[in-house]
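Shown below: start-v3.txt, with compact mmCIF, N, CA, C and O atoms.
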# COMPACT_ATOMS: atom_id res chain seq x y z
N MET A 1 -20.39 -6.11 -9.13
CA MET A 1 -18.94 -6.03 -9.26
C MET A 1 -18.35 -5.63 -7.90
O MET A 1 -18.89 -4.77 -7.22
N ALA A 2 -17.27 -6.25 -7.52
CA ALA A 2 -16.59 -5.96 -6.27
C ALA A 2 -15.93 -4.58 -6.34
O ALA A 2 -15.68 -4.05 -7.41
N GLN A 3 -15.65 -4.04 -5.19
CA GLN A 3 -14.95 -2.77 -5.08
C GLN A 3 -13.45 -3.03 -5.14
O GLN A 3 -12.94 -3.92 -4.46
N TYR A 4 -12.76 -2.27 -5.95
CA TYR A 4 -11.31 -2.41 -6.11
C TYR A 4 -10.62 -1.18 -5.57
O TYR A 4 -11.11 -0.06 -5.71
N LEU A 5 -9.45 -1.38 -4.95
CA LEU A 5 -8.76 -0.30 -4.26
C LEU A 5 -7.29 -0.23 -4.64
O LEU A 5 -6.66 -1.25 -4.92
N GLN A 6 -6.75 0.99 -4.58
CA GLN A 6 -5.31 1.19 -4.60
C GLN A 6 -4.95 1.73 -3.21
O GLN A 6 -5.47 2.76 -2.80
N VAL A 7 -4.11 1.02 -2.52
CA VAL A 7 -3.73 1.36 -1.16
C VAL A 7 -2.31 1.90 -1.19
O VAL A 7 -1.43 1.32 -1.84
N SER A 8 -2.08 2.99 -0.48
CA SER A 8 -0.74 3.58 -0.48
C SER A 8 -0.19 3.68 0.94
O SER A 8 -0.92 3.83 1.92
N THR A 9 1.13 3.58 0.99
CA THR A 9 1.89 3.85 2.20
C THR A 9 3.25 4.35 1.74
O THR A 9 3.54 4.37 0.55
N ALA A 10 4.07 4.76 2.67
CA ALA A 10 5.42 5.21 2.35
C ALA A 10 6.37 4.69 3.42
O ALA A 10 5.96 4.45 4.56
N THR A 11 7.62 4.51 3.03
CA THR A 11 8.62 3.99 3.95
C THR A 11 9.89 4.84 3.87
O THR A 11 10.08 5.58 2.91
N PRO A 12 10.79 4.68 4.83
CA PRO A 12 12.01 5.47 4.81
C PRO A 12 13.07 4.95 3.84
O PRO A 12 14.03 5.66 3.54
N SER A 13 12.91 3.72 3.35
CA SER A 13 13.95 3.17 2.46
C SER A 13 13.33 2.29 1.38
O SER A 13 12.23 1.76 1.54
N ARG A 14 14.07 2.11 0.32
CA ARG A 14 13.65 1.23 -0.77
C ARG A 14 13.48 -0.21 -0.27
O ARG A 14 12.52 -0.89 -0.59
N ASP A 15 14.44 -0.67 0.52
CA ASP A 15 14.38 -2.04 1.03
C ASP A 15 13.12 -2.29 1.85
O ASP A 15 12.48 -3.34 1.71
N GLU A 16 12.74 -1.32 2.71
CA GLU A 16 11.52 -1.47 3.51
C GLU A 16 10.30 -1.48 2.60
O GLU A 16 9.35 -2.25 2.82
N ALA A 17 10.29 -0.64 1.57
CA ALA A 17 9.16 -0.59 0.64
C ALA A 17 9.00 -1.91 -0.10
O ALA A 17 7.89 -2.45 -0.20
N VAL A 18 10.10 -2.45 -0.59
CA VAL A 18 10.05 -3.73 -1.32
C VAL A 18 9.62 -4.86 -0.38
O VAL A 18 8.83 -5.73 -0.75
N ARG A 19 10.09 -4.82 0.86
CA ARG A 19 9.71 -5.84 1.84
C ARG A 19 8.20 -5.81 2.11
O ARG A 19 7.54 -6.85 2.10
N LEU A 20 7.65 -4.61 2.32
CA LEU A 20 6.21 -4.49 2.57
C LEU A 20 5.40 -4.92 1.35
O LEU A 20 4.39 -5.63 1.47
N ALA A 21 5.83 -4.49 0.17
CA ALA A 21 5.13 -4.87 -1.07
C ALA A 21 5.16 -6.38 -1.23
O ALA A 21 4.13 -7.01 -1.48
N GLY A 22 6.32 -6.97 -1.07
CA GLY A 22 6.47 -8.41 -1.26
C GLY A 22 5.68 -9.23 -0.26
O GLY A 22 5.00 -10.19 -0.63
N SER A 23 5.73 -8.85 1.00
CA SER A 23 5.01 -9.63 2.01
C SER A 23 3.49 -9.51 1.81
O SER A 23 2.76 -10.48 2.04
N SER A 24 3.02 -8.37 1.35
CA SER A 24 1.58 -8.18 1.09
C SER A 24 1.11 -9.02 -0.08
O SER A 24 0.05 -9.66 -0.02
N VAL A 25 1.90 -9.05 -1.14
CA VAL A 25 1.55 -9.85 -2.33
C VAL A 25 1.67 -11.34 -2.02
O VAL A 25 0.79 -12.13 -2.36
N GLU A 26 2.75 -11.74 -1.35
CA GLU A 26 2.93 -13.15 -1.02
C GLU A 26 1.80 -13.68 -0.15
O GLU A 26 1.40 -14.83 -0.29
N ALA A 27 1.26 -12.84 0.72
CA ALA A 27 0.16 -13.25 1.60
C ALA A 27 -1.19 -13.24 0.89
O ALA A 27 -2.20 -13.63 1.48
N GLY A 28 -1.23 -12.78 -0.35
CA GLY A 28 -2.49 -12.72 -1.10
C GLY A 28 -3.37 -11.55 -0.70
O GLY A 28 -4.54 -11.50 -1.07
N LEU A 29 -2.83 -10.61 0.05
CA LEU A 29 -3.60 -9.45 0.49
C LEU A 29 -3.66 -8.38 -0.58
O LEU A 29 -4.55 -7.53 -0.57
N ALA A 30 -2.72 -8.42 -1.50
CA ALA A 30 -2.69 -7.52 -2.65
C ALA A 30 -2.32 -8.35 -3.86
O ALA A 30 -1.55 -9.31 -3.76
N ALA A 31 -2.89 -7.98 -5.00
CA ALA A 31 -2.59 -8.70 -6.24
C ALA A 31 -1.24 -8.28 -6.80
O ALA A 31 -0.55 -9.07 -7.43
N GLY A 32 -0.88 -7.04 -6.57
CA GLY A 32 0.38 -6.52 -7.07
C GLY A 32 0.70 -5.22 -6.36
O GLY A 32 -0.15 -4.64 -5.68
N ALA A 33 1.94 -4.78 -6.52
CA ALA A 33 2.37 -3.54 -5.88
C ALA A 33 3.48 -2.90 -6.70
O ALA A 33 4.24 -3.61 -7.37
N GLN A 34 3.55 -1.60 -6.64
CA GLN A 34 4.66 -0.87 -7.23
C GLN A 34 5.35 -0.07 -6.13
O GLN A 34 4.70 0.43 -5.22
N VAL A 35 6.65 0.02 -6.26
CA VAL A 35 7.45 0.85 -5.37
C VAL A 35 7.96 2.02 -6.21
O VAL A 35 8.56 1.82 -7.25
N VAL A 36 7.69 3.22 -5.73
CA VAL A 36 8.04 4.44 -6.45
C VAL A 36 8.95 5.28 -5.57
O VAL A 36 8.65 5.49 -4.39
N GLY A 37 10.03 5.75 -6.15
CA GLY A 37 10.85 6.64 -5.34
C GLY A 37 12.27 6.74 -5.81
O GLY A 37 12.66 6.10 -6.78
N PRO A 38 12.97 7.51 -5.08
CA PRO A 38 12.49 8.24 -3.91
C PRO A 38 11.58 9.40 -4.30
O PRO A 38 11.66 9.93 -5.40
N VAL A 39 10.70 9.75 -3.37
CA VAL A 39 9.81 10.89 -3.52
C VAL A 39 10.08 11.85 -2.38
O VAL A 39 10.52 11.45 -1.30
N VAL A 40 9.83 13.12 -2.62
CA VAL A 40 9.97 14.13 -1.57
C VAL A 40 8.65 14.23 -0.84
O VAL A 40 7.60 14.31 -1.46
N SER A 41 8.70 14.19 0.46
CA SER A 41 7.51 14.30 1.29
C SER A 41 7.61 15.57 2.14
O SER A 41 8.66 15.86 2.71
N VAL A 42 6.52 16.31 2.19
CA VAL A 42 6.42 17.51 3.00
C VAL A 42 5.25 17.29 3.95
O VAL A 42 4.17 16.91 3.51
N PHE A 43 5.45 17.52 5.26
CA PHE A 43 4.45 17.07 6.23
C PHE A 43 4.56 17.82 7.56
O PHE A 43 5.56 18.50 7.82
N TRP A 44 3.51 17.65 8.39
CA TRP A 44 3.54 18.02 9.79
C TRP A 44 3.69 16.74 10.59
O TRP A 44 3.00 15.76 10.33
N HIS A 45 4.59 16.72 11.55
CA HIS A 45 4.79 15.55 12.41
C HIS A 45 5.10 16.04 13.81
O HIS A 45 6.06 16.80 14.02
N GLU A 46 4.26 15.60 14.76
CA GLU A 46 4.43 15.98 16.16
C GLU A 46 4.56 17.49 16.32
O GLU A 46 5.42 17.99 17.04
N GLY A 47 3.71 18.24 15.58
CA GLY A 47 3.66 19.69 15.68
C GLY A 47 4.77 20.43 14.96
O GLY A 47 4.87 21.64 15.08
N GLN A 48 5.58 19.71 14.21
CA GLN A 48 6.70 20.34 13.52
C GLN A 48 6.58 20.12 12.02
O GLN A 48 6.20 19.03 11.56
N TYR A 49 6.94 21.13 11.25
CA TYR A 49 7.01 21.03 9.81
C TYR A 49 8.22 20.18 9.44
O TYR A 49 9.28 20.30 10.05
N GLY A 50 8.08 19.31 8.46
CA GLY A 50 9.20 18.49 8.04
C GLY A 50 9.22 18.22 6.55
O GLY A 50 8.20 18.36 5.87
N GLU A 51 10.36 17.88 6.08
CA GLU A 51 10.56 17.44 4.70
C GLU A 51 11.46 16.22 4.75
O GLU A 51 12.34 16.13 5.60
N GLY A 52 11.23 15.30 3.84
CA GLY A 52 12.07 14.11 3.83
C GLY A 52 11.96 13.36 2.52
O GLY A 52 11.16 13.70 1.65
N GLU A 53 12.77 12.34 2.42
CA GLU A 53 12.76 11.47 1.25
C GLU A 53 12.16 10.14 1.66
O GLU A 53 12.56 9.57 2.68
N GLU A 54 11.17 9.68 0.89
CA GLU A 54 10.49 8.44 1.20
C GLU A 54 10.34 7.60 -0.07
O GLU A 54 10.57 8.08 -1.17
N TRP A 55 9.92 6.37 0.14
CA TRP A 55 9.60 5.45 -0.96
C TRP A 55 8.13 5.11 -0.84
O TRP A 55 7.68 4.66 0.22
N GLN A 56 7.39 5.34 -1.90
CA GLN A 56 5.95 5.10 -1.91
C GLN A 56 5.66 3.67 -2.36
O GLN A 56 6.29 3.16 -3.29
N VAL A 57 4.70 3.05 -1.70
CA VAL A 57 4.24 1.71 -2.07
C VAL A 57 2.77 1.83 -2.46
O VAL A 57 1.96 2.33 -1.68
N LEU A 58 2.45 1.36 -3.67
CA LEU A 58 1.08 1.36 -4.17
C LEU A 58 0.65 -0.08 -4.37
O LEU A 58 1.25 -0.81 -5.15
N LEU A 59 -0.37 -0.50 -3.63
CA LEU A 59 -0.83 -1.88 -3.65
C LEU A 59 -2.24 -1.95 -4.23
O LEU A 59 -3.08 -1.09 -3.95
N LYS A 60 -2.51 -2.98 -5.04
CA LYS A 60 -3.82 -3.17 -5.65
C LYS A 60 -4.52 -4.33 -4.93
O LYS A 60 -3.95 -5.42 -4.81
N THR A 61 -5.76 -4.09 -4.48
CA THR A 61 -6.49 -5.11 -3.74
C THR A 61 -7.99 -4.93 -3.93
O THR A 61 -8.43 -4.04 -4.65
N THR A 62 -8.73 -5.78 -3.26
CA THR A 62 -10.19 -5.67 -3.26
C THR A 62 -10.65 -5.14 -1.91
O THR A 62 -9.93 -5.25 -0.90
N GLU A 63 -11.85 -4.60 -1.90
CA GLU A 63 -12.42 -4.12 -0.64
C GLU A 63 -12.49 -5.25 0.39
O GLU A 63 -12.26 -5.04 1.58
N ALA A 64 -12.75 -6.45 -0.07
CA ALA A 64 -12.87 -7.60 0.83
C ALA A 64 -11.56 -7.90 1.56
O ALA A 64 -11.57 -8.43 2.67
N ARG A 65 -10.42 -7.56 0.97
CA ARG A 65 -9.12 -7.85 1.60
C ARG A 65 -8.50 -6.63 2.28
O ARG A 65 -7.43 -6.72 2.88
N TYR A 66 -9.19 -5.47 2.19
CA TYR A 66 -8.57 -4.25 2.69
C TYR A 66 -8.23 -4.32 4.18
O TYR A 66 -7.12 -3.96 4.58
N ALA A 67 -9.15 -4.73 5.02
CA ALA A 67 -8.90 -4.72 6.47
C ALA A 67 -7.68 -5.57 6.82
O ALA A 67 -6.86 -5.17 7.65
N GLU A 68 -7.56 -6.73 6.18
CA GLU A 68 -6.40 -7.59 6.45
C GLU A 68 -5.11 -6.95 5.93
O GLU A 68 -4.07 -7.04 6.59
N LEU A 69 -5.18 -6.31 4.77
CA LEU A 69 -4.00 -5.63 4.23
C LEU A 69 -3.59 -4.48 5.14
O LEU A 69 -2.40 -4.33 5.46
N GLU A 70 -4.55 -3.69 5.57
CA GLU A 70 -4.23 -2.58 6.47
C GLU A 70 -3.56 -3.10 7.75
O GLU A 70 -2.53 -2.56 8.18
N ALA A 71 -4.12 -4.13 8.36
CA ALA A 71 -3.55 -4.70 9.58
C ALA A 71 -2.12 -5.19 9.33
O ALA A 71 -1.23 -4.99 10.16
N HIS A 72 -1.91 -5.85 8.20
CA HIS A 72 -0.58 -6.35 7.84
C HIS A 72 0.41 -5.19 7.71
O HIS A 72 1.52 -5.26 8.26
N LEU A 73 0.02 -4.15 6.99
CA LEU A 73 0.91 -3.01 6.79
C LEU A 73 1.24 -2.33 8.10
O LEU A 73 2.40 -1.99 8.37
N LEU A 74 0.25 -2.14 8.96
CA LEU A 74 0.49 -1.49 10.24
C LEU A 74 1.41 -2.34 11.14
O LEU A 74 2.27 -1.80 11.83
N LYS A 75 1.24 -3.64 11.10
CA LYS A 75 2.07 -4.53 11.93
C LYS A 75 3.51 -4.60 11.42
O LYS A 75 4.46 -4.63 12.20
N GLN A 76 3.68 -4.61 10.11
CA GLN A 76 5.00 -4.81 9.51
C GLN A 76 5.77 -3.51 9.25
O GLN A 76 6.94 -3.54 8.94
N HIS A 77 5.10 -2.38 9.36
CA HIS A 77 5.70 -1.09 8.99
C HIS A 77 6.73 -0.66 10.01
O HIS A 77 6.55 -0.86 11.21
N PRO A 78 7.83 -0.03 9.56
CA PRO A 78 8.85 0.43 10.51
C PRO A 78 8.43 1.65 11.32
O PRO A 78 9.03 1.94 12.35
N TRP A 79 7.40 2.39 10.89
CA TRP A 79 6.94 3.57 11.62
C TRP A 79 5.76 3.21 12.51
O TRP A 79 4.96 2.34 12.17
N SER A 80 5.60 3.91 13.62
CA SER A 80 4.53 3.60 14.56
C SER A 80 3.16 4.08 14.08
O SER A 80 2.14 3.52 14.48
N ASN A 81 3.09 5.10 13.25
CA ASN A 81 1.82 5.62 12.77
C ASN A 81 1.94 5.99 11.28
O ASN A 81 1.86 7.16 10.92
N PRO A 82 2.12 4.99 10.43
CA PRO A 82 2.33 5.28 9.01
C PRO A 82 1.03 5.63 8.28
O PRO A 82 -0.07 5.28 8.72
N GLU A 83 1.20 6.31 7.17
CA GLU A 83 0.08 6.50 6.25
C GLU A 83 -0.33 5.14 5.70
O GLU A 83 0.51 4.37 5.24
N VAL A 84 -1.60 4.83 5.79
CA VAL A 84 -2.20 3.72 5.05
C VAL A 84 -3.53 4.27 4.57
O VAL A 84 -4.42 4.53 5.39
N ALA A 85 -3.65 4.49 3.27
CA ALA A 85 -4.85 5.11 2.71
C ALA A 85 -5.25 4.36 1.46
O ALA A 85 -4.40 3.81 0.76
N ALA A 86 -6.55 4.36 1.18
CA ALA A 86 -7.06 3.66 0.00
C ALA A 86 -7.93 4.59 -0.82
O ALA A 86 -8.67 5.40 -0.28
N VAL A 87 -7.82 4.44 -2.13
CA VAL A 87 -8.72 5.12 -3.06
C VAL A 87 -9.37 4.07 -3.94
O VAL A 87 -8.76 3.05 -4.27
N SER A 88 -10.61 4.33 -4.31
CA SER A 88 -11.35 3.39 -5.16
C SER A 88 -10.84 3.46 -6.59
O SER A 88 -10.56 4.53 -7.12
N LEU A 89 -10.75 2.29 -7.20
CA LEU A 89 -10.51 2.20 -8.64
C LEU A 89 -11.89 2.10 -9.27
O LEU A 89 -12.53 1.05 -9.22
N ILE A 90 -12.37 3.18 -9.82
CA ILE A 90 -13.76 3.23 -10.30
C ILE A 90 -13.92 2.72 -11.72
O ILE A 90 -15.05 2.47 -12.15
N ALA A 91 -12.83 2.54 -12.43
CA ALA A 91 -12.91 2.01 -13.79
C ALA A 91 -11.63 1.25 -14.09
O ALA A 91 -10.57 1.55 -13.54
N GLY A 92 -11.75 0.27 -14.96
CA GLY A 92 -10.60 -0.52 -15.37
C GLY A 92 -11.06 -1.63 -16.28
O GLY A 92 -12.26 -1.91 -16.40
N SER A 93 -10.12 -2.29 -16.89
CA SER A 93 -10.49 -3.37 -17.81
C SER A 93 -11.02 -4.57 -17.04
O SER A 93 -10.62 -4.84 -15.90
N ALA A 94 -11.95 -5.28 -17.68
CA ALA A 94 -12.54 -6.46 -17.05
C ALA A 94 -11.48 -7.49 -16.70
O ALA A 94 -11.50 -8.08 -15.62
N GLY A 95 -10.52 -7.69 -17.58
CA GLY A 95 -9.45 -8.65 -17.33
C GLY A 95 -8.61 -8.28 -16.12
O GLY A 95 -8.21 -9.14 -15.33
N TYR A 96 -8.34 -6.99 -15.96
CA TYR A 96 -7.56 -6.52 -14.81
C TYR A 96 -8.31 -6.78 -13.51
O TYR A 96 -7.75 -7.31 -12.54
N PHE A 97 -9.60 -6.44 -13.48
CA PHE A 97 -10.38 -6.67 -12.27
C PHE A 97 -10.56 -8.16 -11.98
O PHE A 97 -10.57 -8.58 -10.83
N GLU A 98 -10.69 -8.98 -13.01
CA GLU A 98 -10.75 -10.44 -12.81
C GLU A 98 -9.46 -10.94 -12.18
O GLU A 98 -9.47 -11.79 -11.29
N TRP A 99 -8.31 -10.42 -12.64
CA TRP A 99 -7.01 -10.78 -12.08
C TRP A 99 -6.94 -10.37 -10.60
O TRP A 99 -6.47 -11.15 -9.76
N LEU A 100 -7.43 -9.16 -10.27
CA LEU A 100 -7.45 -8.73 -8.88
C LEU A 100 -8.28 -9.68 -8.02
O LEU A 100 -7.85 -10.09 -6.94
N ASP A 101 -9.46 -10.05 -8.52
CA ASP A 101 -10.31 -10.99 -7.78
C ASP A 101 -9.61 -12.33 -7.58
O ASP A 101 -9.59 -12.88 -6.47
N ARG A 102 -9.05 -12.84 -8.64
CA ARG A 102 -8.44 -14.18 -8.62
C ARG A 102 -7.23 -14.23 -7.69
O ARG A 102 -7.06 -15.17 -6.92
N THR A 103 -6.37 -13.21 -7.75
CA THR A 103 -5.12 -13.28 -6.99
C THR A 103 -5.27 -12.87 -5.54
O THR A 103 -4.38 -13.13 -4.73
N THR A 104 -6.41 -12.27 -5.19
CA THR A 104 -6.62 -11.90 -3.79
C THR A 104 -7.69 -12.77 -3.12
O THR A 104 -8.02 -12.55 -1.95
N ALA A 105 -8.20 -13.75 -3.84
CA ALA A 105 -9.23 -14.65 -3.28
C ALA A 105 -8.64 -15.43 -2.12
O ALA A 105 -7.51 -15.92 -2.18
N LYS A 106 -9.40 -15.53 -1.04
CA LYS A 106 -8.94 -16.32 0.11
C LYS A 106 -8.94 -17.80 -0.26
O LYS A 106 -9.86 -18.29 -0.89
N HIS A 107 -7.91 -18.48 0.15
CA HIS A 107 -7.79 -19.90 -0.16
C HIS A 107 -8.18 -20.75 1.03
O HIS A 107 -7.99 -20.46 2.13
Whole structure, structure tokens version:
Amino acid sequence: MAQYLQVSTATPSRDEAVRLAGSSVEAGLAAGAQVVGPVVSVFWHEGQYGEGEEWQVLLKTTEARYAELEAHLLKQHPWSNPEVAAVSLIAGSAGYFEWLDRTTAKH
């Protein structure tokens, strides 16, 4: 069985989040994505404590497409050093994982 991932990033606006989600899915790098927000973010940036409002993007993909998805997100993201992180989906329905394989297969 292939490795399945949920990849997350965050953006400063809903429009940017939807744009990143849409371009990733349209390119076949992710099978689907959800935009969640706004969310409150608490962080260190350039040595300073910060708080802000962001929009989270959660993308579903396969391990085989991760490197391309990461490159796409980094190139298209409005921030110079955005969060791009992946966690393994260790369990799920067979139909869901088949859909992930089918929709992210390279053509």
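Between CA of Glu51 in chain A and CA of Val25 in chain A the interatomic distance comes to 29.6 Å.
Between Trp55 in chain A and the residues A:Ser8, A:Gln3, A:Ser24, A:Thr103, the shortest atom-to-atom distance, using only N, CA, C and O atoms, involves A:Ser8.
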### Task
Rank A:Ala91, A:Gln76, A:Tyr4, A:Trp99 by their smallest atom-to-atom distance to Leu20 in chain A, using all atoms listed in the file, and report the top residue only.
A:Gln76
### Message
Which residues are close to Asp101 in chain A, i.e. within 8 Å by all atoms listed in the file, leaving aside same-chain residues fewer than 4 positions away? Reply as a ChimeraX atom specification.
### Response
/A:28,31,61-62,94-97,105-106
Around (9.2, 2.0, 10.2) in the file's own coordinates, what residues are found within 12 Å if you use only C-alpha atoms, given back as a PDB file with N, CA, C and O atoms, in the frame of the given file?
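The resulting part-v6.pdb:
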ATOM      1  N   THR A   9       1.130   3.580   0.990  1.00  0.00           N
ATOM      2  CA  THR A   9       1.890   3.850   2.200  1.00  0.00           C
ATOM      3  C   THR A   9       3.250   4.350   1.740  1.00  0.00           C
ATOM      4  O   THR A   9       3.540   4.370   0.550  1.00  0.00           O
ATOM      5  N   ALA A  10       4.070   4.760   2.670  1.00  0.00           N
ATOM      6  CA  ALA A  10       5.420   5.210   2.350  1.00  0.00           C
ATOM      7  C   ALA A  10       6.370   4.690   3.420  1.00  0.00           C
ATOM      8  O   ALA A  10       5.960   4.450   4.560  1.00  0.00           O
ATOM      9  N   THR A  11       7.620   4.510   3.030  1.00  0.00           N
ATOM     10  CA  THR A  11       8.620   3.990   3.950  1.00  0.00           C
ATOM     11  C   THR A  11       9.890   4.840   3.870  1.00  0.00           C
ATOM     12  O   THR A  11      10.080   5.580   2.910  1.00  0.00           O
ATOM     13  N   PRO A  12      10.790   4.680   4.830  1.00  0.00           N
ATOM     14  CA  PRO A  12      12.010   5.470   4.810  1.00  0.00           C
ATOM     15  C   PRO A  12      13.070   4.950   3.840  1.00  0.00           C
ATOM     16  O   PRO A  12      14.030   5.660   3.540  1.00  0.00           O
ATOM     17  N   SER A  13      12.910   3.720   3.350  1.00  0.00           N
ATOM     18  CA  SER A  13      13.950   3.170   2.460  1.00  0.00           C
ATOM     19  C   SER A  13      13.330   2.290   1.380  1.00  0.00           C
ATOM     20  O   SER A  13      12.230   1.760   1.540  1.00  0.00           O
ATOM     21  N   ARG A  14      14.070   2.110   0.320  1.00  0.00           N
ATOM     22  CA  ARG A  14      13.650   1.230  -0.770  1.00  0.00           C
ATOM     23  C   ARG A  14      13.480  -0.210  -0.270  1.00  0.00           C
ATOM     24  O   ARG A  14      12.520  -0.890  -0.590  1.00  0.00           O
ATOM     25  N   ASP A  15      14.440  -0.670   0.520  1.00  0.00           N
ATOM     26  CA  ASP A  15      14.380  -2.040   1.030  1.00  0.00           C
ATOM     27  C   ASP A  15      13.120  -2.290   1.850  1.00  0.00           C
ATOM     28  O   ASP A  15      12.480  -3.340   1.710  1.00  0.00           O
ATOM     29  N   GLU A  16      12.740  -1.320   2.710  1.00  0.00           N
ATOM     30  CA  GLU A  16      11.520  -1.470   3.510  1.00  0.00           C
ATOM     31  C   GLU A  16      10.300  -1.480   2.600  1.00  0.00           C
ATOM     32  O   GLU A  16       9.350  -2.250   2.820  1.00  0.00           O
ATOM     33  N   ALA A  17      10.290  -0.640   1.570  1.00  0.00           N
ATOM     34  CA  ALA A  17       9.160  -0.590   0.640  1.00  0.00           C
ATOM     35  C   ALA A  17       9.000  -1.910  -0.100  1.00  0.00           C
ATOM     36  O   ALA A  17       7.890  -2.450  -0.200  1.00  0.00           O
ATOM     37  N   ARG A  19      10.090  -4.820   0.860  1.00  0.00           N
ATOM     38  CA  ARG A  19       9.710  -5.840   1.840  1.00  0.00           C
ATOM     39  C   ARG A  19       8.200  -5.810   2.110  1.00  0.00           C
ATOM     40  O   ARG A  19       7.540  -6.850   2.100  1.00  0.00           O
ATOM     41  N   LEU A  20       7.650  -4.610   2.320  1.00  0.00           N
ATOM     42  CA  LEU A  20       6.210  -4.490   2.570  1.00  0.00           C
ATOM     43  C   LEU A  20       5.400  -4.920   1.350  1.00  0.00           C
ATOM     44  O   LEU A  20       4.390  -5.630   1.470  1.00  0.00           O
ATOM     45  N   GLU A  54      11.170   9.680   0.890  1.00  0.00           N
ATOM     46  CA  GLU A  54      10.490   8.440   1.200  1.00  0.00           C
ATOM     47  C   GLU A  54      10.340   7.600  -0.070  1.00  0.00           C
ATOM     48  O   GLU A  54      10.570   8.080  -1.170  1.00  0.00           O
ATOM     49  N   TRP A  55       9.920   6.370   0.140  1.00  0.00           N
ATOM     50  CA  TRP A  55       9.600   5.450  -0.960  1.00  0.00           C
ATOM     51  C   TRP A  55       8.130   5.110  -0.840  1.00  0.00           C
ATOM     52  O   TRP A  55       7.680   4.660   0.220  1.00  0.00           O
ATOM     53  N   LEU A  73       0.020  -4.150   6.990  1.00  0.00           N
ATOM     54  CA  LEU A  73       0.910  -3.010   6.790  1.00  0.00           C
ATOM     55  C   LEU A  73       1.240  -2.330   8.100  1.00  0.00           C
ATOM     56  O   LEU A  73       2.400  -1.990   8.370  1.00  0.00           O
ATOM     57  N   LEU A  74       0.250  -2.140   8.960  1.00  0.00           N
ATOM     58  CA  LEU A  74       0.490  -1.490  10.240  1.00  0.00           C
ATOM     59  C   LEU A  74       1.410  -2.340  11.140  1.00  0.00           C
ATOM     60  O   LEU A  74       2.270  -1.800  11.830  1.00  0.00           O
ATOM     61  N   LYS A  75       1.240  -3.640  11.100  1.00  0.00           N
ATOM     62  CA  LYS A  75       2.070  -4.530  11.930  1.00  0.00           C
ATOM     63  C   LYS A  75       3.510  -4.600  11.420  1.00  0.00           C
ATOM     64  O   LYS A  75       4.460  -4.630  12.200  1.00  0.00           O
ATOM     65  N   GLN A  76       3.680  -4.610  10.110  1.00  0.00           N
ATOM     66  CA  GLN A  76       5.000  -4.810   9.510  1.00  0.00           C
ATOM     67  C   GLN A  76       5.770  -3.510   9.250  1.00  0.00           C
ATOM     68  O   GLN A  76       6.940  -3.540   8.940  1.00  0.00           O
ATOM     69  N   HIS A  77       5.100  -2.380   9.360  1.00  0.00           N
ATOM     70  CA  HIS A  77       5.700  -1.090   8.990  1.00  0.00           C
ATOM     71  C   HIS A  77       6.730  -0.660  10.010  1.00  0.00           C
ATOM     72  O   HIS A  77       6.550  -0.860  11.210  1.00  0.00           O
ATOM     73  N   PRO A  78       7.830  -0.030   9.560  1.00  0.00           N
ATOM     74  CA  PRO A  78       8.850   0.430  10.510  1.00  0.00           C
ATOM     75  C   PRO A  78       8.430   1.650  11.320  1.00  0.00           C
ATOM     76  O   PRO A  78       9.030   1.940  12.350  1.00  0.00           O
ATOM     77  N   TRP A  79       7.400   2.390  10.890  1.00  0.00           N
ATOM     78  CA  TRP A  79       6.940   3.570  11.620  1.00  0.00           C
ATOM     79  C   TRP A  79       5.760   3.210  12.510  1.00  0.00           C
ATOM     80  O   TRP A  79       4.960   2.340  12.170  1.00  0.00           O
ATOM     81  N   SER A  80       5.600   3.910  13.620  1.00  0.00           N
ATOM     82  CA  SER A  80       4.530   3.600  14.560  1.00  0.00           C
ATOM     83  C   SER A  80       3.160   4.080  14.080  1.00  0.00           C
ATOM     84  O   SER A  80       2.140   3.520  14.480  1.00  0.00           O
ATOM     85  N   ASN A  81       3.090   5.100  13.250  1.00  0.00           N
ATOM     86  CA  ASN A  81       1.820   5.620  12.770  1.00  0.00           C
ATOM     87  C   ASN A  81       1.940   5.990  11.280  1.00  0.00           C
ATOM     88  O   ASN A  81       1.860   7.160  10.920  1.00  0.00           O
ATOM     89  N   PRO A  82       2.120   4.990  10.430  1.00  0.00           N
ATOM     90  CA  PRO A  82       2.330   5.280   9.010  1.00  0.00           C
ATOM     91  C   PRO A  82       1.030   5.630   8.280  1.00  0.00           C
ATOM     92  O   PRO A  82      -0.070   5.280   8.720  1.00  0.00           O
ATOM     93  N   GLU A  83       1.200   6.310   7.170  1.00  0.00           N
ATOM     94  CA  GLU A  83       0.080   6.500   6.250  1.00  0.00           C
ATOM     95  C   GLU A  83      -0.330   5.140   5.700  1.00  0.00           C
ATOM     96  O   GLU A  83       0.510   4.370   5.240  1.00  0.00           O
TER      97      GLU A  83
END
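Taking CA of Ser93 in chain A and CA of Val18 in chain A as endpoints, the distance between them is 26.3 Å.
Here the question is which of A:Glu98, A:His72, A:Arg65, A:Gln56 gets nearest to Val35 in chain A using only N, CA, C and O atoms, and that residue is A:Gln56.
For the set A:Val84, A:Ala21, A:Val40, A:Leu29, the residue with the smallest atom-to-atom gap to Leu100 in chain A is A:Leu29, counting only N, CA, C and O atoms.
Between atom O of Tyr66 in chain A and atom N of Val36 in chain A the interatomic distance comes to 19.4 Å.
Backbone DSSP assigns helix (DSSP H, G or I) in range 22-97 of chain A to Gly22, Ser23, Ser24, Val25, Glu26, Glu63, Ala64, Arg65, Tyr66, Ala67, Glu68, Leu69, Glu70, Ala71, His72, Leu73, Leu74, Lys75, Gln76, Ala94, Gly95, Tyr96 and Phe97 of chain A.
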### Task
Name all residues at most 6 Å from Lys60 in chain A (count only C-alpha atoms; drop same-chain ones fewer than 5 positions away) and give them as JSON, numbers by chain.
{"A": [5, 6, 30, 31, 32]}
### Task
Output as a count of residues only all residues of chain A that backbone DSSP marks as strand (DSSP E).
41
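With distances restricted to all atoms listed in the file, A:Val7 is the closest residue to Val57 in chain A from A:Val42, A:Ile90, A:Leu69, A:Val7.
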